[in-house]
Structures are given as C-alpha cells and as structure tokens.
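Enquirer: Hey, dropping start_18.cif in here, mmCIF, C-alpha atoms:
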data_model
#
loop_
_atom_site.label_atom_id
_atom_site.label_comp_id
_atom_site.auth_asym_id
_atom_site.auth_seq_id
_atom_site.Cartn_x
_atom_site.Cartn_y
_atom_site.Cartn_z
CA MET A 1384 6.62 -12.80 28.33
CA LYS A 1385 7.85 -9.40 27.17
CA ARG A 1386 5.38 -6.57 26.73
CA ILE A 1387 4.96 -4.17 23.83
CA VAL A 1388 2.42 -1.37 23.63
CA ILE A 1389 0.57 -0.31 20.50
CA ALA A 1390 0.01 3.42 20.90
CA THR A 1391 -3.70 3.27 20.16
CA GLN A 1392 -6.98 2.83 22.00
CA ASN A 1393 -8.30 0.68 19.15
CA LYS A 1394 -8.33 -2.99 20.22
CA GLY A 1395 -9.13 -4.12 16.69
CA LYS A 1396 -5.97 -2.48 15.35
CA ALA A 1397 -3.92 -4.25 18.01
CA LYS A 1398 -5.12 -7.65 16.76
CA ASP A 1399 -3.04 -7.23 13.59
CA PHE A 1400 0.07 -6.72 15.71
CA GLU A 1401 -0.72 -9.65 18.01
CA THR A 1402 -0.60 -12.05 15.07
CA MET A 1403 2.91 -10.90 14.21
CA LEU A 1404 4.45 -10.32 17.63
CA SER A 1405 3.01 -13.10 19.80
CA PRO A 1406 5.31 -15.73 18.19
CA LEU A 1407 8.26 -13.53 19.20
CA GLY A 1408 7.23 -13.79 22.84
CA TYR A 1409 5.49 -10.43 23.15
CA GLU A 1410 2.27 -9.67 25.00
CA VAL A 1411 0.57 -6.93 22.95
CA LEU A 1412 -1.14 -4.16 24.93
CA THR A 1413 -2.86 -0.93 23.94
CA LEU A 1414 -3.15 2.41 25.70
CA LEU A 1415 -6.48 1.15 27.04
CA ASP A 1416 -4.51 -1.42 29.01
CA VAL A 1417 -1.72 0.77 30.36
CA ALA A 1418 -2.39 4.51 29.99
CA GLN A 1419 -5.94 5.43 29.04
CA ASP A 1420 -5.40 9.09 29.89
CA MET A 1421 -2.22 9.46 27.82
CA ASP A 1422 -2.86 11.84 24.93
CA VAL A 1423 0.09 12.73 22.71
CA GLU A 1424 -0.50 15.91 20.73
CA GLU A 1425 0.28 15.26 17.07
CA THR A 1426 2.27 18.35 16.14
CA GLY A 1427 4.20 16.84 13.22
CA VAL A 1428 3.66 17.90 9.62
CA THR A 1429 4.23 14.41 8.17
CA PHE A 1430 2.98 10.93 9.00
CA GLU A 1431 6.55 9.96 9.90
CA GLU A 1432 6.95 12.81 12.39
CA ASN A 1433 3.66 12.04 14.13
CA ALA A 1434 4.30 8.29 14.30
CA ILE A 1435 7.79 8.85 15.77
CA LEU A 1436 6.48 11.45 18.23
CA LYS A 1437 3.79 9.10 19.56
CA ALA A 1438 6.04 6.05 19.77
CA GLU A 1439 8.94 7.82 21.50
CA THR A 1440 6.73 9.75 23.94
CA VAL A 1441 4.82 6.68 25.10
CA SER A 1442 7.95 4.51 25.20
CA LYS A 1443 9.79 7.04 27.36
CA GLU A 1444 6.82 7.35 29.70
CA LEU A 1445 6.29 3.60 30.12
CA GLY A 1446 9.87 2.38 29.75
CA ILE A 1447 9.00 -0.42 27.30
CA PRO A 1448 8.91 -0.90 23.50
CA VAL A 1449 6.08 0.89 21.68
CA ILE A 1450 4.71 0.76 18.14
CA SER A 1451 2.60 3.62 16.84
CA ASP A 1452 1.10 4.44 13.50
CA ASP A 1453 -0.01 7.57 11.77
CA SER A 1454 -2.05 7.26 8.64
CA GLY A 1455 -4.39 9.13 6.37
CA LEU A 1456 -5.67 9.96 2.92
CA GLU A 1457 -3.78 11.95 0.27
CA ILE A 1458 -5.80 13.33 -2.66
CA ASP A 1459 -3.79 14.57 -5.64
CA ALA A 1460 -6.38 17.10 -6.83
CA LEU A 1461 -6.33 18.68 -3.35
CA ASN A 1462 -2.52 18.92 -3.23
CA GLY A 1463 -2.26 16.00 -0.81
CA GLU A 1464 -5.10 16.98 1.50
CA PRO A 1465 -6.32 15.91 3.98
CA GLY A 1466 -2.99 14.21 4.76
CA VAL A 1467 -1.98 14.34 8.43
CA TYR A 1468 -5.27 16.11 9.17
CA SER A 1469 -7.38 13.22 7.84
CA ALA A 1470 -9.04 12.36 11.15
CA ARG A 1471 -9.99 15.97 11.90
CA TYR A 1472 -10.37 17.32 8.36
CA ALA A 1473 -13.88 18.70 8.99
CA GLY A 1474 -13.35 19.59 12.64
CA ALA A 1475 -11.95 18.53 15.99
CA ASP A 1476 -14.80 16.10 16.68
CA LYS A 1477 -13.29 13.66 14.12
CA SER A 1478 -16.54 12.82 12.35
CA ASP A 1479 -16.13 10.29 9.51
CA GLU A 1480 -19.32 11.49 7.86
CA ALA A 1481 -18.35 15.16 8.01
CA ASN A 1482 -14.86 14.37 6.71
CA MET A 1483 -16.25 12.44 3.73
CA ASN A 1484 -18.75 15.20 2.99
CA LYS A 1485 -15.96 17.78 2.93
CA VAL A 1486 -13.91 15.69 0.48
CA LEU A 1487 -16.89 15.09 -1.81
CA ASP A 1488 -17.79 18.79 -1.75
CA LYS A 1489 -14.23 19.84 -2.60
CA LEU A 1490 -14.10 17.35 -5.49
CA ASP A 1491 -17.51 18.28 -6.87
CA GLY A 1492 -17.19 18.46 -10.66
CA VAL A 1493 -13.69 16.93 -10.73
CA PRO A 1494 -13.58 14.15 -13.38
CA ASN A 1495 -12.62 10.57 -12.57
CA SER A 1496 -9.25 10.92 -14.25
CA GLU A 1497 -8.26 13.58 -11.70
CA ARG A 1498 -9.63 11.90 -8.57
CA THR A 1499 -6.52 9.82 -7.85
CA ALA A 1500 -5.61 9.30 -4.20
CA ARG A 1501 -3.87 6.98 -1.80
CA PHE A 1502 -4.03 5.85 1.78
CA ARG A 1503 -0.66 6.10 3.57
CA CYS A 1504 0.49 4.55 6.84
CA VAL A 1505 3.76 4.93 8.73
CA LEU A 1506 4.64 2.71 11.68
CA ALA A 1507 7.25 3.81 14.20
CA VAL A 1508 8.94 1.35 16.59
CA ALA A 1509 10.61 2.88 19.65
CA ALA A 1510 12.21 1.52 22.82
CA PRO A 1511 14.39 2.98 25.58
CA GLY A 1512 18.02 3.06 24.48
CA GLN A 1513 17.25 2.00 20.92
CA LYS A 1514 17.14 3.87 17.62
CA THR A 1515 13.56 4.47 16.48
CA GLU A 1516 12.76 2.82 13.15
CA THR A 1517 9.90 3.49 10.72
CA PHE A 1518 8.06 1.38 8.14
CA SER A 1519 5.58 2.65 5.58
CA GLY A 1520 2.86 1.32 3.32
CA SER A 1521 0.38 2.76 0.86
CA CYS A 1522 -2.67 1.81 -1.17
CA GLU A 1523 -3.46 3.55 -4.46
CA GLY A 1524 -7.00 4.31 -5.55
CA MET A 1525 -9.43 7.08 -6.47
CA ILE A 1526 -12.19 9.02 -4.79
CA LEU A 1527 -15.74 8.01 -5.72
CA HIS A 1528 -18.59 10.47 -6.30
CA GLU A 1529 -20.69 8.82 -3.60
CA ARG A 1530 -20.39 6.32 -0.75
CA ARG A 1531 -20.29 2.57 -1.39
CA GLY A 1532 -20.21 -0.27 1.13
CA ASP A 1533 -20.75 -0.46 4.87
CA ARG A 1534 -17.52 -2.02 6.15
CA GLY A 1535 -14.38 -0.39 7.43
CA PHE A 1536 -14.17 3.13 8.82
CA GLY A 1537 -12.91 6.60 7.99
CA TYR A 1538 -12.84 7.33 4.26
CA ASP A 1539 -13.29 3.68 3.21
CA PRO A 1540 -16.78 4.20 1.64
CA ILE A 1541 -15.49 6.81 -0.85
CA PHE A 1542 -12.11 5.20 -1.63
CA PHE A 1543 -12.22 3.00 -4.74
CA VAL A 1544 -9.56 0.31 -5.21
CA PRO A 1545 -9.21 -0.40 -8.97
CA ALA A 1546 -7.35 -3.67 -8.40
CA GLN A 1547 -10.37 -5.00 -6.51
CA ASP A 1548 -13.02 -3.11 -8.52
CA LYS A 1549 -14.60 -2.23 -5.18
CA ALA A 1550 -14.70 0.55 -2.64
CA MET A 1551 -12.56 -0.14 0.41
CA ALA A 1552 -15.76 -0.36 2.46
CA GLU A 1553 -17.02 -3.19 0.21
CA LEU A 1554 -14.04 -5.44 0.93
CA GLU A 1555 -14.10 -8.33 3.37
CA PRO A 1556 -11.68 -7.84 6.29
CA HIS A 1557 -9.16 -10.33 4.89
CA GLU A 1558 -9.36 -8.67 1.44
CA LYS A 1559 -8.71 -5.26 2.96
CA ALA A 1560 -5.80 -6.55 5.06
CA ALA A 1561 -4.17 -7.97 1.92
CA ILE A 1562 -4.01 -4.61 0.12
CA SER A 1563 -4.44 -1.87 2.71
CA HIS A 1564 -1.85 0.75 3.62
CA ARG A 1565 -1.65 -0.55 7.20
CA GLY A 1566 -1.38 -4.14 6.02
CA ASN A 1567 1.46 -3.18 3.68
CA ALA A 1568 3.26 -1.28 6.45
CA LEU A 1569 2.87 -4.25 8.79
CA ARG A 1570 4.39 -6.53 6.16
CA GLN A 1571 7.37 -4.17 5.84
CA LEU A 1572 7.81 -4.27 9.61
CA ASN A 1573 7.52 -8.05 9.62
CA LYS A 1574 10.13 -8.32 6.84
CA SER A 1575 12.66 -5.96 8.44
CA MET A 1576 11.92 -6.38 12.14
CA PRO A 1577 14.40 -4.38 14.26
CA ALA A 1578 16.98 -6.78 15.71
CA TRP A 1579 16.37 -5.59 19.25
CA LEU A 1580 12.67 -6.42 18.89
CA THR A 1581 13.33 -10.04 17.98
CA GLU A 1582 15.99 -10.66 20.64
CA GLN A 1583 14.75 -12.82 23.48
CA ASN A 1584 15.46 -11.53 26.96
#
Show this structure as structure tokens.

Expert:
Amino acid sequence: MKRIVIATQNKGKAKDFETMLSPLGYEVLTLLDVAQDMDVEETGVTFEENAILKAETVSKELGIPVISDDSGLEIDALNGEPGVYSARYAGADKSDEANMNKVLDKLDGVPNSERTARFRCVLAVAAPGQKTETFSGSCEGMILHERRGDRGFGYDPIFFVPAQDKAMAELEPHEKAAISHRGNALRQLNKSMPAWLTEQN
C-alpha cells in the first residue's frame, strides 16, 4: 500500500482524507506518525501560499506525497481579517476563546447586515517530481453577537450559517461536513484528483 501524509497533527482531520484515499490504495498518515517534531513556519500571505509551503516542505523532507491545508476566517467588515492569522489572531498561544473575543470586540456595534464572513480552505497536494496542485472551498455566513453551540472548534460558535439557520458549532458532524469550507475543498480534490495520485504503482 502506498503512503500519503496529511501535514497535520490532527488525527480527526486525517479521517476525512482516509475516506477518500483508502480506496485508491493509500495508507493515510499524519505528522504524528512520521515527523512529530517537523514544524513548517507559515510565512505566506495567502492560504494558497501557506498550503503549498507546508505540502512541498514536508514532501521534500519525507520523499512521499503530502496533502496540506491552510484555512481560516475572513470577515468583510474587518477587511478580510483574521485571514491567514486566524489561528493566532489574539496571540501566539492560539487560544480559540481569545480569538473569538477579539472578533466580537472588533465587531461591537456593527449591525447584522455588515457582519458577513466566510470560512476558506485551500488544500495543496505535493509529491517529489510532480507539479503541486491546489483545491479550494469556502462557506459563507455571518458573525453572531455571541457564542452558540458546543461542537466544532475555532470560530465555529460565532459563525452563523444562514442555509442551516444554525451556528457552525450547533451542526452535527455530518451536517458540518456537507457544507464546510474543508468539506467543499475535499470534494474539489476528489473531483479533480491529480492523475499521479490515482496511478497505481
């Protein structure tokens, strides 16, 4: 069985990839399995740049195919913030609570009509000797005035999805997967899988 690494230490995130890549003969691993101490500094200014940087760096180091993602929240009233800085918006310790508090404070007094936002995800697929390809997905919504729900992570409790009439953190896992930015990016990857990734060795 061929191996492919998901450039993350999040086992839960890797499960989504396993469903798609196992039928193609791939064993899905994470950095926890192969390189726990590998830390790629995200110096890009876009999700695409960071995803490509992580995928290509890890792929070169390990010599096997790698998929990475970079994702975050874009708020229109804040000129796209927090964007690529979503995980560390309120500081280097990457506190979800502190990040949400900063967003809510910055949007204090902003009416619902101006609280539009979206989650964005870009996946990069890299392998030695192959051209890196990217796939993106998004999920439109708005920022609530207070937290709702106890599922998910990150900004999910303050991100309202009009199509579901719920906060992201109120959705069941299968409901979130059906509409989320990462789910949409995964479906794009599944639809336009790089030829070299599907070829059997």

Enquirer: Choose the residue, out of A:Ser1451, A:Ser1442, A:Asn1495, A:Thr1426, that has the smallest atom-to-atom separation from Phe1400 (chain A); count only C-alpha atoms.

Expert: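 The answer is A:Ser1451, which sits nearest to Phe1400 (chain A).
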
Enquirer: The PyMOL selection byres ((chain A and resi 1528-1545) around 10) on the file shown: which residues, as a PDB file with C-alpha atoms, in the coordinates of the input?

Expert:
ATOM      1  CA  GLY A1455      -4.390   9.130   6.370  1.00  0.00           C
ATOM      2  CA  LEU A1456      -5.670   9.960   2.920  1.00  0.00           C
ATOM      3  CA  SER A1469      -7.380  13.220   7.840  1.00  0.00           C
ATOM      4  CA  ALA A1470      -9.040  12.360  11.150  1.00  0.00           C
ATOM      5  CA  LYS A1477     -13.290  13.660  14.120  1.00  0.00           C
ATOM      6  CA  SER A1478     -16.540  12.820  12.350  1.00  0.00           C
ATOM      7  CA  ASP A1479     -16.130  10.290   9.510  1.00  0.00           C
ATOM      8  CA  GLU A1480     -19.320  11.490   7.860  1.00  0.00           C
ATOM      9  CA  ASN A1482     -14.860  14.370   6.710  1.00  0.00           C
ATOM     10  CA  MET A1483     -16.250  12.440   3.730  1.00  0.00           C
ATOM     11  CA  ASN A1484     -18.750  15.200   2.990  1.00  0.00           C
ATOM     12  CA  VAL A1486     -13.910  15.690   0.480  1.00  0.00           C
ATOM     13  CA  LEU A1487     -16.890  15.090  -1.810  1.00  0.00           C
ATOM     14  CA  ASP A1488     -17.790  18.790  -1.750  1.00  0.00           C
ATOM     15  CA  LEU A1490     -14.100  17.350  -5.490  1.00  0.00           C
ATOM     16  CA  ASP A1491     -17.510  18.280  -6.870  1.00  0.00           C
ATOM     17  CA  GLY A1492     -17.190  18.460 -10.660  1.00  0.00           C
ATOM     18  CA  VAL A1493     -13.690  16.930 -10.730  1.00  0.00           C
ATOM     19  CA  PRO A1494     -13.580  14.150 -13.380  1.00  0.00           C
ATOM     20  CA  ASN A1495     -12.620  10.570 -12.570  1.00  0.00           C
ATOM     21  CA  ARG A1498      -9.630  11.900  -8.570  1.00  0.00           C
ATOM     22  CA  THR A1499      -6.520   9.820  -7.850  1.00  0.00           C
ATOM     23  CA  ALA A1500      -5.610   9.300  -4.200  1.00  0.00           C
ATOM     24  CA  ARG A1501      -3.870   6.980  -1.800  1.00  0.00           C
ATOM     25  CA  PHE A1502      -4.030   5.850   1.780  1.00  0.00           C
ATOM     26  CA  CYS A1522      -2.670   1.810  -1.170  1.00  0.00           C
ATOM     27  CA  GLU A1523      -3.460   3.550  -4.460  1.00  0.00           C
ATOM     28  CA  GLY A1524      -7.000   4.310  -5.550  1.00  0.00           C
ATOM     29  CA  MET A1525      -9.430   7.080  -6.470  1.00  0.00           C
ATOM     30  CA  ILE A1526     -12.190   9.020  -4.790  1.00  0.00           C
ATOM     31  CA  LEU A1527     -15.740   8.010  -5.720  1.00  0.00           C
ATOM     32  CA  ALA A1546      -7.350  -3.670  -8.400  1.00  0.00           C
ATOM     33  CA  GLN A1547     -10.370  -5.000  -6.510  1.00  0.00           C
ATOM     34  CA  ASP A1548     -13.020  -3.110  -8.520  1.00  0.00           C
ATOM     35  CA  LYS A1549     -14.600  -2.230  -5.180  1.00  0.00           C
ATOM     36  CA  ALA A1550     -14.700   0.550  -2.640  1.00  0.00           C
ATOM     37  CA  MET A1551     -12.560  -0.140   0.410  1.00  0.00           C
ATOM     38  CA  ALA A1552     -15.760  -0.360   2.460  1.00  0.00           C
ATOM     39  CA  GLU A1553     -17.020  -3.190   0.210  1.00  0.00           C
ATOM     40  CA  LEU A1554     -14.040  -5.440   0.930  1.00  0.00           C
ATOM     41  CA  GLU A1555     -14.100  -8.330   3.370  1.00  0.00           C
ATOM     42  CA  PRO A1556     -11.680  -7.840   6.290  1.00  0.00           C
ATOM     43  CA  LYS A1559      -8.710  -5.260   2.960  1.00  0.00           C
ATOM     44  CA  ILE A1562      -4.010  -4.610   0.120  1.00  0.00           C
ATOM     45  CA  SER A1563      -4.440  -1.870   2.710  1.00  0.00           C
TER      46      SER A1563
END

Enquirer: Here's a test: counting all atoms listed in the file, identify every protein, DNA and RNA residue with an atom at most 6 Å from (2.2, 5.3, 9.3) in the file's coordinate frame, and state them as a list in words.

Expert: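 Result, sorted by chain then residue number: Phe1430, Asp1452, Asp1453, Ser1454, Cys1504, Val1505, Leu1506 and Ser1519 of chain A.
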
Enquirer: Quick check, in Å to one decimal: how far apart do CA of Ile1450 (chain A) and CA of Ala1390 (chain A) lie?

Expert: 6.1 Å

Enquirer: Using only C-alpha atoms, which of A:Thr1440, A:Ser1405, A:Asn1462, A:Gln1392 sits nearest Val1423 (chain A)?

Expert: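 Once distances to Val1423 (chain A) are computed over only C-alpha atoms, the minimum belongs to A:Thr1440.
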
Enquirer: Quick one: pull the distance between CA of Glu1424 (chain A) and CA of Gly1463 (chain A), Å, one decimal.

Expert: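 Answer for the CA of Glu1424 (chain A) to CA of Gly1463 (chain A) separation: 21.6 Å.
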
Enquirer: Run the PyMOL selection byres ((chain A and resi 1397) around 12) on the file and write out the hits as number ranges by chain.

Expert: A: 1387-1396, 1398-1405, 1410-1416, 1449-1452, 1565, 1569

Enquirer: Using Å and a single decimal, report how far CA of Asp1420 (chain A) sits from CA of Glu1439 (chain A).

Expert: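 So the answer is 16.7 Å.
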